[in-house]
Each structure stands twice: as structure tokens, then as C-alpha cells.
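File shown: target_25.txt. Contents: compact mmCIF, C-alpha atoms.
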# COMPACT_ATOMS: atom_id res chain seq x y z
CA MET R 512 5.50 5.66 -6.90
CA ALA R 513 8.78 7.42 -7.66
CA GLN R 514 7.03 9.58 -10.27
CA ALA R 515 4.19 10.32 -7.86
CA ALA R 516 6.67 11.63 -5.29
CA ALA R 517 7.83 14.23 -7.84
CA GLY R 518 11.21 14.79 -6.17
CA ALA R 519 9.79 15.09 -2.64
CA ARG R 520 11.35 13.26 0.31
CA GLY R 521 10.17 11.95 3.66
CA LEU R 522 6.54 12.33 4.69
CA ASP R 523 5.84 14.67 1.78
CA ALA R 524 6.83 11.88 -0.61
CA LEU R 525 4.68 9.36 1.29
CA ALA R 526 1.70 11.71 1.04
CA LEU R 527 2.12 12.04 -2.72
CA MET R 528 2.58 8.28 -3.13
CA GLY R 529 -0.50 7.62 -1.01
CA ALA R 530 -2.61 10.03 -3.06
CA GLN R 531 -1.47 8.33 -6.27
CA TYR R 532 -2.29 4.93 -4.81
CA TYR R 533 -5.86 6.03 -4.10
CA GLU R 534 -6.13 6.78 -7.82
CA LEU R 535 -4.84 3.29 -8.67
CA LEU R 536 -7.49 1.71 -6.46
CA ALA R 537 -10.05 2.59 -9.13
CA ASP R 538 -8.61 -0.18 -11.33
CA ARG R 539 -10.13 -3.08 -9.43
CA THR R 540 -9.07 -5.59 -12.10
CA ALA R 541 -5.39 -4.74 -11.59
CA LEU R 542 -5.79 -5.10 -7.82
CA LEU R 543 -7.47 -8.48 -8.18
CA LEU R 544 -4.62 -9.59 -10.45
CA GLN R 545 -2.10 -8.49 -7.84
CA LEU R 546 -3.94 -10.44 -5.14
CA GLN R 547 -4.05 -13.49 -7.43
CA GLY R 548 -0.29 -13.23 -7.71
CA PHE R 549 0.07 -13.45 -3.94
CA ALA R 550 -2.42 -16.32 -3.79
CA ALA R 551 -0.44 -18.24 -6.42
CA CYS R 552 2.86 -18.05 -4.49
CA GLY R 553 2.68 -21.79 -3.87
CA ASP R 554 4.27 -22.03 -7.31
CA SER R 555 7.98 -21.22 -6.97
CA ASP R 556 8.16 -19.35 -10.30
CA VAL R 557 5.24 -17.11 -9.35
CA ARG R 558 6.66 -16.66 -5.85
CA ASP R 559 10.03 -15.55 -7.25
CA LEU R 560 8.36 -12.99 -9.51
CA VAL R 561 6.10 -11.66 -6.75
CA ARG R 562 9.08 -11.42 -4.38
CA THR R 563 10.99 -9.44 -7.00
CA GLN R 564 8.07 -7.06 -7.52
CA LEU R 565 7.53 -6.58 -3.79
CA ALA R 566 11.25 -5.91 -3.33
CA CYS R 567 11.08 -3.34 -6.13
CA MET R 568 8.13 -1.61 -4.46
CA TRP R 569 9.93 -1.63 -1.09
CA ASP R 570 13.13 -0.25 -2.63
CA THR R 571 11.23 2.45 -4.50
CA VAL R 572 9.34 3.64 -1.42
CA ALA R 573 12.41 3.44 0.84
CA GLY R 574 14.77 5.01 -1.66
CA THR R 575 12.41 7.78 -2.72
CA THR R 576 11.28 8.76 0.76
CA GLY R 577 14.42 8.02 2.76
CA ALA R 578 12.09 6.51 5.37
CA ASP R 579 13.26 3.92 7.88
CA PRO R 580 12.12 0.28 7.49
CA VAL R 581 9.33 0.52 10.08
CA THR R 582 7.76 3.49 8.29
CA VAL R 583 8.06 1.79 4.89
CA LYS R 584 6.51 -1.39 6.32
CA THR R 585 3.61 0.55 7.82
CA PHE R 586 2.99 2.48 4.60
CA LEU R 587 2.95 -0.73 2.54
CA ALA R 588 0.76 -2.51 5.11
CA PHE R 589 -1.87 0.22 4.78
CA GLY R 590 -1.65 -0.22 1.02
CA MET R 591 -2.28 -3.94 1.32
CA LEU R 592 -5.37 -3.26 3.44
CA LEU R 593 -6.61 -0.85 0.77
CA ASN R 594 -6.10 -3.58 -1.86
CA ASN R 595 -8.24 -5.99 0.13
CA VAL R 596 -10.96 -3.42 0.66
CA ALA R 597 -11.00 -2.62 -3.06
CA ALA R 598 -11.19 -6.34 -3.87
CA LEU R 599 -14.19 -6.63 -1.54
CA ASP R 600 -15.81 -3.76 -3.46
CA ALA R 601 -16.62 -2.09 -0.14
CA GLY R 602 -16.71 1.41 -1.62
CA ASP R 603 -20.48 1.71 -1.53
CA LEU R 604 -21.24 -0.25 1.63
CA ASP R 605 -22.94 1.78 4.34
CA GLU R 606 -21.53 -0.21 7.25
CA PRO R 607 -19.24 1.02 10.04
CA TRP R 608 -16.34 -1.30 9.16
CA ALA R 609 -16.52 -0.33 5.48
CA LYS R 610 -16.57 3.37 6.32
CA GLY R 611 -13.67 2.86 8.71
CA VAL R 612 -11.40 1.16 6.23
CA ARG R 613 -12.18 3.78 3.57
CA THR R 614 -10.87 6.64 5.71
CA ARG R 615 -7.93 8.50 4.23
CA ILE R 616 -4.57 8.15 5.91
CA HIS R 617 -2.60 11.37 6.13
CA ALA R 618 1.18 11.35 6.05
CA GLY R 619 1.33 12.90 9.52
CA LEU R 620 0.25 9.54 10.91
CA PHE R 621 3.71 8.22 10.08
CA GLU R 622 5.57 10.85 12.14
CA HIS R 623 5.44 8.72 15.29
CA ILE R 624 5.96 5.36 13.54
CA THR R 625 9.72 4.96 13.47
CA ALA R 626 12.33 2.36 14.22
CA GLY R 627 13.01 4.27 17.44
CA THR R 628 9.44 3.95 18.66
CA ASN R 629 8.84 0.45 17.32
CA GLY R 630 12.32 -1.11 17.30

Serialized structure, C-alpha cells:
Amino acid sequence: MAQAAAGARGLDALALMGAQYYELLADRTALLLQLQGFAACGDSDVRDLVRTQLACMWDTVAGTTGADPVTVKTFLAFGMLLNNVAALDAGDLDEPWAKGVRTRIHAGLFEHITAGTNG
């Protein structure tokens, strides 16, 4: 994510990170492995590792973008939804819900999502 941002900050960095993440969605096996990690968090060793990786992702997005916690949380939440949609292999479904969840999210969406508006 830090490399994807290419030195950008704020919403510009989020847009670059989001575009890179769409590319990563093509590797469905990696996404399924990530979801398996979350599912296996009943095991304390797995949970500790997954927590560490999630913290690293949070810190990278927050540190690279300079975004407030609410914006980082929203950005990552959209990413988690994209993971689930990719796991469901909904890319070719011709159903309203599948089309809806495949819509691209533009960085401008995050302009109004701040700690001040959602604190």
C-alpha cells in the first residue's frame, strides 16, 4: 500500500491504494487465505499473527495517507467487503446486489467521512 501511494498523501494516496487493491483482488487464492486467517482466530497463535498484520495494514494506511481514524476505518471496511465479494466469485453474476458491490469507490467519497462528522 505504501508503494502504491507513490509519495502521495491524503485522498490522493487513498485513491492510489484503492486502485492497487483492485489489482490484488484478481488473486482470489490469496484473498481466500486471508479470510481463512480471520476464520482461524479462535487459535491464539493465529489470532496474534492476524492482529499484527491488521495493525501493520492500519499503520501503513494511516501513516501514508495522514488520514484520521474514521477515514482509515472506512477505507479498510470497504476493502473487507471487496474481499468477501471476491471470495464469493461474484464478478460475473448478473444480479443487482453483485453489480452494486462491484461498483468502484472513488476517493472523493471519503471527503465527508471524518472524525468530525462521525465522532

Restricting to only C-alpha atoms, whichever of R:Leu604, R:Val561, R:Leu546, R:Val572 is closest to Ala526 of chain R is R:Val572

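Nearest residue to Ala601 of chain R among R:Phe549, R:Arg558, R:Thr585, R:Arg539 is R:Arg539, counting all atoms listed in the file.
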
From the list R:Gln564, R:Thr582, R:Ala524, R:Ala609, the nearest residue to Gly548 of chain R using only C-alpha atoms is R:Gln564

Pairwise distance, atom CA of Gly521 of chain R with atom CA of Leu536 of chain R, equals 22.8 Å

Residue with the minimum atom-to-atom distance to Leu535 of chain R, picked from R:Cys567, R:Ala597, R:Ala573, R:Val612 with all atoms listed in the file counted, is R:Ala597

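In this model, the gap between atom CA of Leu527 of chain R and atom CA of Ala515 of chain R comes to 5.8 Å.
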
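Each of R:Ala551, R:Leu525, R:Leu544, R:Ala598 was compared to Ile616 of chain R using all atoms listed in the file, and R:Leu525 turns out to be the nearest.
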
Expressed in Å, the length from atom CA of Met568 of chain R to atom CA of Ala530 of chain R is 15.9 Å

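Distances from R:Thr614, R:Thr540, R:Thr576, R:Gln531 to Ala519 of chain R were compared using all atoms listed in the file, and the smallest one belongs to R:Thr576.
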